[in-house]
Every structure is written in C-alpha cells, then in structure tokens.
Amino acid sequence: MEDGRPIFLQIAELLENSILDGTLAEEEQVPSTNELAAFHRINPATAAKGVHKLVDDGTLYKKRGIGMFVSSGARAKLRGRRRDEFARQYVQPLLTEARKLGIDPAELKHMIDTWEEIR
C-alpha cells in the first residue's frame with residue numbers, strides 16, 4: 001500500500017488480482033472489510049470503499065448478514081476490462097512509436113517474438 005495511488009483503489013485492485021489469478025473463485029466469499037483493514041493496517045472505512053467500488057461495478061455482491069462474494073462471470077469481465085486497459089496503456093503507444101520509427105506490424109511482431117526467446 002505504497003505506490004501513491006489512493007489506498008481504496010489499491011485494495012480494489014488487490015481483490016481484482018486475486019479473482020484474476022484464481023485465488024478468489026466466483027461465488028466465493030471475500031475477506032471482510034475488517035479483515036482487510038487489520039491485515040493491511042488501514043482504516044476499515046478505506047477498505048470498505050475499495051470493496052464497495054467492486055460492488056458498484058458488479059464484480060462483488062453482498063449477501064445480507066453474511067458478507068461479500070465474487071459475482072458469477074467476474075473473472076471474465078475483469079479480464080476483458082484489463083485487456084482493454086492494457087491495449088490503451090501499452091499497445092496503442094507502442095504502435096504509435098513503431099509507426100514513427102518505420103517499424104511495420106510484421107517487424108514489430110518479430111521483435112516481440114525475439115525478445116520472448118531471449119527471456
């Protein structure tokens with residue numbers, strides 16, 4: 001919880017990452033806001049704000065008196081949203097720079113494939 005972004009957004013992203021990597025399965029209960037607050041040593045209201053952000057976007061839902069649960073289809077929805085964000089944040093600028101340098105898509109693909117082989 002130190003990267004300069006609001007803590008509630010970091011909590012929301014932490015839960016999203018757990019859903020994406022399968023740590024939290026669909027229809028599984030997520031940690032309570034008090035558990036998140038105690039673990040990360042933050043205010044429970046801040047943890048609740050992060051959880052409610054995910055409720056508002058349909059990633060989580062509330063079972064009254066029981067807690068918050070991962071919505072059915074949440075993983076696919078998150079994956080799609082993150083892919084779109086990835087394309088906007090990384091792919092689009094990469095293609096723009098490649099065009100400036102006269103690198104066509106086939107050459108760019110070759111560069112990426114070569115880089116993968118090296119790693």
# chains A, B, ... in the order shown; residues from 1 in each chain; ligands from 1

$ select_by_dssp --residues "range 1-90 of chain A" --states "helix (DSSP H, G or I)" --output "tab-separated table (two decimals) with N, CA and C atoms, in the first residue's frame"
chain	number	residue	atom	x	y	z
A	7	ILE	N	-5.45	4.42	-1.36
A	7	ILE	CA	-5.41	3.08	-0.77
A	7	ILE	C	-6.65	2.26	-1.15
A	8	PHE	N	-7.80	2.90	-1.21
A	8	PHE	CA	-9.01	2.13	-1.54
A	8	PHE	C	-8.91	1.54	-2.95
A	9	LEU	N	-8.26	2.25	-3.87
A	9	LEU	CA	-8.06	1.70	-5.22
A	9	LEU	C	-7.09	0.52	-5.19
A	10	GLN	N	-6.09	0.60	-4.32
A	10	GLN	CA	-5.14	-0.50	-4.19
A	10	GLN	C	-5.83	-1.73	-3.61
A	11	ILE	N	-6.73	-1.53	-2.67
A	11	ILE	CA	-7.50	-2.65	-2.09
A	11	ILE	C	-8.37	-3.28	-3.18
A	12	ALA	N	-9.05	-2.45	-3.95
A	12	ALA	CA	-9.89	-2.97	-5.03
A	12	ALA	C	-9.04	-3.76	-6.03
A	13	GLU	N	-7.88	-3.23	-6.39
A	13	GLU	CA	-7.01	-3.92	-7.35
A	13	GLU	C	-6.47	-5.23	-6.77
A	14	LEU	N	-6.16	-5.23	-5.50
A	14	LEU	CA	-5.69	-6.45	-4.84
A	14	LEU	C	-6.75	-7.55	-4.94
A	15	LEU	N	-8.00	-7.19	-4.69
A	15	LEU	CA	-9.08	-8.17	-4.79
A	15	LEU	C	-9.28	-8.59	-6.24
A	16	GLU	N	-9.22	-7.63	-7.17
A	16	GLU	CA	-9.33	-7.98	-8.59
A	16	GLU	C	-8.24	-8.97	-9.00
A	17	ASN	N	-7.02	-8.70	-8.57
A	17	ASN	CA	-5.90	-9.60	-8.91
A	17	ASN	C	-6.13	-11.00	-8.34
A	18	SER	N	-6.70	-11.07	-7.15
A	18	SER	CA	-6.98	-12.38	-6.55
A	18	SER	C	-8.06	-13.12	-7.34
A	19	ILE	N	-9.00	-12.38	-7.89
A	19	ILE	CA	-10.03	-13.00	-8.73
A	19	ILE	C	-9.41	-13.46	-10.04
A	20	LEU	N	-8.59	-12.62	-10.64
A	20	LEU	CA	-7.97	-12.96	-11.92
A	20	LEU	C	-7.04	-14.17	-11.82
A	33	THR	N	-14.27	-6.35	5.34
A	33	THR	CA	-13.55	-5.07	5.38
A	33	THR	C	-12.69	-4.98	6.65
A	34	ASN	N	-13.17	-5.54	7.75
A	34	ASN	CA	-12.37	-5.54	8.98
A	34	ASN	C	-11.12	-6.40	8.84
A	35	GLU	N	-11.26	-7.55	8.16
A	35	GLU	CA	-10.09	-8.40	7.92
A	35	GLU	C	-9.08	-7.69	7.02
A	36	LEU	N	-9.57	-7.06	5.96
A	36	LEU	CA	-8.68	-6.32	5.05
A	36	LEU	C	-7.99	-5.18	5.80
A	37	ALA	N	-8.76	-4.48	6.61
A	37	ALA	CA	-8.21	-3.34	7.36
A	37	ALA	C	-7.14	-3.80	8.34
A	38	ALA	N	-7.40	-4.87	9.06
A	38	ALA	CA	-6.42	-5.37	10.03
A	38	ALA	C	-5.16	-5.88	9.33
A	39	PHE	N	-5.33	-6.61	8.25
A	39	PHE	CA	-4.19	-7.17	7.54
A	39	PHE	C	-3.29	-6.08	6.95
A	40	HIS	N	-3.92	-5.06	6.37
A	40	HIS	CA	-3.15	-4.00	5.70
A	40	HIS	C	-2.90	-2.79	6.59
A	44	PRO	N	-10.87	0.78	8.47
A	44	PRO	CA	-11.93	-0.07	7.89
A	44	PRO	C	-12.79	0.65	6.85
A	45	ALA	N	-12.99	1.95	7.02
A	45	ALA	CA	-13.78	2.71	6.05
A	45	ALA	C	-13.07	2.75	4.69
A	46	THR	N	-11.74	2.80	4.70
A	46	THR	CA	-10.97	2.79	3.46
A	46	THR	C	-11.10	1.44	2.77
A	47	ALA	N	-10.99	0.38	3.56
A	47	ALA	CA	-11.16	-0.97	3.00
A	47	ALA	C	-12.57	-1.12	2.43
A	48	ALA	N	-13.56	-0.62	3.15
A	48	ALA	CA	-14.95	-0.71	2.69
A	48	ALA	C	-15.13	0.05	1.38
A	49	LYS	N	-14.47	1.19	1.23
A	49	LYS	CA	-14.59	1.97	-0.01
A	49	LYS	C	-14.05	1.17	-1.20
A	50	GLY	N	-12.94	0.45	-1.00
A	50	GLY	CA	-12.39	-0.40	-2.06
A	50	GLY	C	-13.32	-1.55	-2.41
A	51	VAL	N	-13.89	-2.17	-1.41
A	51	VAL	CA	-14.83	-3.29	-1.64
A	51	VAL	C	-16.08	-2.78	-2.34
A	52	HIS	N	-16.60	-1.64	-1.90
A	52	HIS	CA	-17.83	-1.11	-2.50
A	52	HIS	C	-17.62	-0.65	-3.94
A	53	LYS	N	-16.41	-0.26	-4.27
A	53	LYS	CA	-16.10	0.06	-5.68
A	53	LYS	C	-16.36	-1.18	-6.54
A	54	LEU	N	-15.95	-2.35	-6.03
A	54	LEU	CA	-16.15	-3.60	-6.77
A	54	LEU	C	-17.61	-4.04	-6.77
A	55	VAL	N	-18.33	-3.70	-5.73
A	55	VAL	CA	-19.78	-3.97	-5.70
A	55	VAL	C	-20.46	-3.10	-6.75
A	56	ASP	N	-20.08	-1.83	-6.79
A	56	ASP	CA	-20.69	-0.89	-7.74
A	56	ASP	C	-20.47	-1.31	-9.19
A	74	ALA	N	-17.36	-12.70	-12.98
A	74	ALA	CA	-16.47	-11.60	-12.62
A	74	ALA	C	-15.08	-11.74	-13.24
A	75	ARG	N	-14.56	-12.95	-13.26
A	75	ARG	CA	-13.21	-13.15	-13.79
A	75	ARG	C	-13.14	-12.78	-15.27
A	76	ALA	N	-14.09	-13.23	-16.05
A	76	ALA	CA	-14.11	-12.91	-17.48
A	76	ALA	C	-14.30	-11.42	-17.70
A	77	LYS	N	-15.16	-10.81	-16.92
A	77	LYS	CA	-15.41	-9.37	-17.02
A	77	LYS	C	-14.14	-8.58	-16.69
A	78	LEU	N	-13.46	-8.96	-15.61
A	78	LEU	CA	-12.22	-8.28	-15.22
A	78	LEU	C	-11.14	-8.48	-16.28
A	79	ARG	N	-11.03	-9.70	-16.77
A	79	ARG	CA	-10.02	-9.98	-17.80
A	79	ARG	C	-10.26	-9.11	-19.04
A	80	GLY	N	-11.49	-8.99	-19.46
A	80	GLY	CA	-11.81	-8.16	-20.61
A	80	GLY	C	-11.49	-6.70	-20.37
A	81	ARG	N	-11.86	-6.20	-19.20
A	81	ARG	CA	-11.58	-4.81	-18.87
A	81	ARG	C	-10.07	-4.55	-18.79
A	82	ARG	N	-9.35	-5.47	-18.16
A	82	ARG	CA	-7.89	-5.30	-18.04
A	82	ARG	C	-7.20	-5.39	-19.40
A	83	ARG	N	-7.70	-6.24	-20.29
A	83	ARG	CA	-7.14	-6.32	-21.64
A	83	ARG	C	-7.34	-5.01	-22.39
A	84	ASP	N	-8.53	-4.44	-22.24
A	84	ASP	CA	-8.79	-3.14	-22.87
A	84	ASP	C	-7.85	-2.07	-22.32
A	85	GLU	N	-7.68	-2.05	-20.99
A	85	GLU	CA	-6.77	-1.09	-20.36
A	85	GLU	C	-5.34	-1.32	-20.85
A	86	PHE	N	-4.93	-2.57	-20.97
A	86	PHE	CA	-3.60	-2.91	-21.44
A	86	PHE	C	-3.38	-2.38	-22.86
A	87	ALA	N	-4.37	-2.58	-23.69
A	87	ALA	CA	-4.26	-2.10	-25.08
A	87	ALA	C	-4.12	-0.59	-25.11
A	88	ARG	N	-4.93	0.11	-24.34
A	88	ARG	CA	-4.85	1.58	-24.31
A	88	ARG	C	-3.53	2.08	-23.73
A	89	GLN	N	-3.10	1.45	-22.65
A	89	GLN	CA	-1.93	1.93	-21.93
A	89	GLN	C	-0.61	1.52	-22.58
A	90	TYR	N	-0.55	0.34	-23.19
A	90	TYR	CA	0.73	-0.17	-23.70
A	90	TYR	C	0.76	-0.40	-25.20

$ select_by_dssp --residues "chain A" --states "strand (DSSP E or B)" --output "list of chain:residue names"
A:Gln29, A:Leu60, A:Tyr61, A:Lys62, A:Lys63, A:Gly67, A:Met68, A:Phe69, A:Val70

$ closest_residue --among "A:Leu95, A:Lys100, A:Asp57, A:Glu116" --to "Val70 in chain A" --atoms "only C-alpha atoms"
A:Asp57

$ decode --residues "range 6-21 of chain A" --atoms "all heavy atoms" --output "CSV table (one decimal), in the first residue's frame"
chain,number,residue,atom,x,y,z
A,6,PRO,N,-4.6,6.2,-4.3
A,6,PRO,CA,-5.4,6.0,-3.1
A,6,PRO,C,-5.5,4.6,-2.7
A,6,PRO,O,-5.6,3.7,-3.5
A,6,PRO,CB,-6.8,6.5,-3.6
A,6,PRO,CG,-6.5,7.5,-4.8
A,6,PRO,CD,-5.3,6.9,-5.4
A,7,ILE,N,-5.5,4.4,-1.4
A,7,ILE,CA,-5.4,3.1,-0.8
A,7,ILE,C,-6.6,2.3,-1.1
A,7,ILE,O,-6.5,1.1,-1.4
A,7,ILE,CB,-5.2,3.2,0.8
A,7,ILE,CG1,-3.8,3.7,1.1
A,7,ILE,CG2,-5.4,1.8,1.4
A,7,ILE,CD1,-3.6,4.1,2.5
A,8,PHE,N,-7.8,2.9,-1.2
A,8,PHE,CA,-9.0,2.1,-1.5
A,8,PHE,C,-8.9,1.5,-2.9
A,8,PHE,O,-9.4,0.4,-3.2
A,8,PHE,CB,-10.3,3.0,-1.4
A,8,PHE,CG,-10.6,3.9,-2.5
A,8,PHE,CD1,-11.5,3.5,-3.5
A,8,PHE,CD2,-10.1,5.2,-2.5
A,8,PHE,CE1,-11.8,4.3,-4.5
A,8,PHE,CE2,-10.4,6.0,-3.6
A,8,PHE,CZ,-11.3,5.6,-4.6
A,9,LEU,N,-8.3,2.2,-3.9
A,9,LEU,CA,-8.1,1.7,-5.2
A,9,LEU,C,-7.1,0.5,-5.2
A,9,LEU,O,-7.3,-0.5,-5.9
A,9,LEU,CB,-7.5,2.8,-6.2
A,9,LEU,CG,-8.5,3.9,-6.5
A,9,LEU,CD1,-7.8,4.9,-7.4
A,9,LEU,CD2,-9.8,3.3,-7.2
A,10,GLN,N,-6.1,0.6,-4.3
A,10,GLN,CA,-5.1,-0.5,-4.2
A,10,GLN,C,-5.8,-1.7,-3.6
A,10,GLN,O,-5.5,-2.9,-4.0
A,10,GLN,CB,-4.0,-0.1,-3.3
A,10,GLN,CG,-3.1,1.0,-4.0
A,10,GLN,CD,-2.0,1.4,-3.1
A,10,GLN,OE1,-1.1,0.6,-2.7
A,10,GLN,NE2,-1.9,2.7,-2.7
A,11,ILE,N,-6.7,-1.5,-2.7
A,11,ILE,CA,-7.5,-2.6,-2.1
A,11,ILE,C,-8.4,-3.3,-3.2
A,11,ILE,O,-8.4,-4.5,-3.3
A,11,ILE,CB,-8.4,-2.2,-0.9
A,11,ILE,CG1,-7.5,-1.8,0.3
A,11,ILE,CG2,-9.4,-3.2,-0.5
A,11,ILE,CD1,-6.7,-2.9,0.9
A,12,ALA,N,-9.0,-2.5,-4.0
A,12,ALA,CA,-9.9,-3.0,-5.0
A,12,ALA,C,-9.0,-3.8,-6.0
A,12,ALA,O,-9.4,-4.9,-6.4
A,12,ALA,CB,-10.6,-1.8,-5.7
A,13,GLU,N,-7.9,-3.2,-6.4
A,13,GLU,CA,-7.0,-3.9,-7.3
A,13,GLU,C,-6.5,-5.2,-6.8
A,13,GLU,O,-6.4,-6.2,-7.5
A,13,GLU,CB,-5.9,-3.0,-7.8
A,13,GLU,CG,-5.0,-3.6,-8.9
A,13,GLU,CD,-4.0,-2.6,-9.4
A,13,GLU,OE1,-4.3,-1.7,-10.1
A,13,GLU,OE2,-2.8,-2.8,-9.0
A,14,LEU,N,-6.2,-5.2,-5.5
A,14,LEU,CA,-5.7,-6.4,-4.8
A,14,LEU,C,-6.7,-7.5,-4.9
A,14,LEU,O,-6.4,-8.7,-5.3
A,14,LEU,CB,-5.4,-6.1,-3.4
A,14,LEU,CG,-4.9,-7.3,-2.5
A,14,LEU,CD1,-3.5,-7.1,-2.1
A,14,LEU,CD2,-5.8,-7.4,-1.3
A,15,LEU,N,-8.0,-7.2,-4.7
A,15,LEU,CA,-9.1,-8.2,-4.8
A,15,LEU,C,-9.3,-8.6,-6.2
A,15,LEU,O,-9.5,-9.8,-6.5
A,15,LEU,CB,-10.4,-7.6,-4.2
A,15,LEU,CG,-10.4,-7.4,-2.7
A,15,LEU,CD1,-11.6,-6.6,-2.2
A,15,LEU,CD2,-10.3,-8.7,-2.0
A,16,GLU,N,-9.2,-7.6,-7.2
A,16,GLU,CA,-9.3,-8.0,-8.6
A,16,GLU,C,-8.2,-9.0,-9.0
A,16,GLU,O,-8.5,-9.9,-9.7
A,16,GLU,CB,-9.2,-6.7,-9.5
A,16,GLU,CG,-10.4,-5.8,-9.4
A,16,GLU,CD,-10.3,-4.6,-10.3
A,16,GLU,OE1,-9.1,-4.3,-10.7
A,16,GLU,OE2,-11.3,-3.9,-10.6
A,17,ASN,N,-7.0,-8.7,-8.6
A,17,ASN,CA,-5.9,-9.6,-8.9
A,17,ASN,C,-6.1,-11.0,-8.3
A,17,ASN,O,-5.8,-12.0,-9.0
A,17,ASN,CB,-4.6,-9.0,-8.4
A,17,ASN,CG,-4.1,-7.8,-9.2
A,17,ASN,OD1,-4.6,-7.6,-10.3
A,17,ASN,ND2,-3.3,-7.0,-8.6
A,18,SER,N,-6.7,-11.1,-7.2
A,18,SER,CA,-7.0,-12.4,-6.6
A,18,SER,C,-8.1,-13.1,-7.3
A,18,SER,O,-8.0,-14.3,-7.4
A,18,SER,CB,-7.4,-12.2,-5.1
A,18,SER,OG,-6.3,-11.7,-4.3
A,19,ILE,N,-9.0,-12.4,-7.9
A,19,ILE,CA,-10.0,-13.0,-8.7
A,19,ILE,C,-9.4,-13.5,-10.0
A,19,ILE,O,-9.6,-14.6,-10.5
A,19,ILE,CB,-11.2,-12.0,-9.0
A,19,ILE,CG1,-11.9,-11.7,-7.7
A,19,ILE,CG2,-12.2,-12.6,-10.0
A,19,ILE,CD1,-12.9,-10.6,-7.7
A,20,LEU,N,-8.6,-12.6,-10.6
A,20,LEU,CA,-8.0,-13.0,-11.9
A,20,LEU,C,-7.0,-14.2,-11.8
A,20,LEU,O,-7.0,-15.0,-12.7
A,20,LEU,CB,-7.2,-11.8,-12.5
A,20,LEU,CG,-8.0,-10.7,-13.1
A,20,LEU,CD1,-7.2,-9.4,-13.4
A,20,LEU,CD2,-8.7,-11.1,-14.4
A,21,ASP,N,-6.3,-14.3,-10.7
A,21,ASP,CA,-5.3,-15.4,-10.6
A,21,ASP,C,-6.0,-16.6,-10.0
A,21,ASP,O,-5.3,-17.6,-9.9
A,21,ASP,CB,-4.1,-15.0,-9.9
A,21,ASP,CG,-4.2,-14.7,-8.4
A,21,ASP,OD1,-5.3,-15.1,-7.8
A,21,ASP,OD2,-3.3,-14.1,-7.8
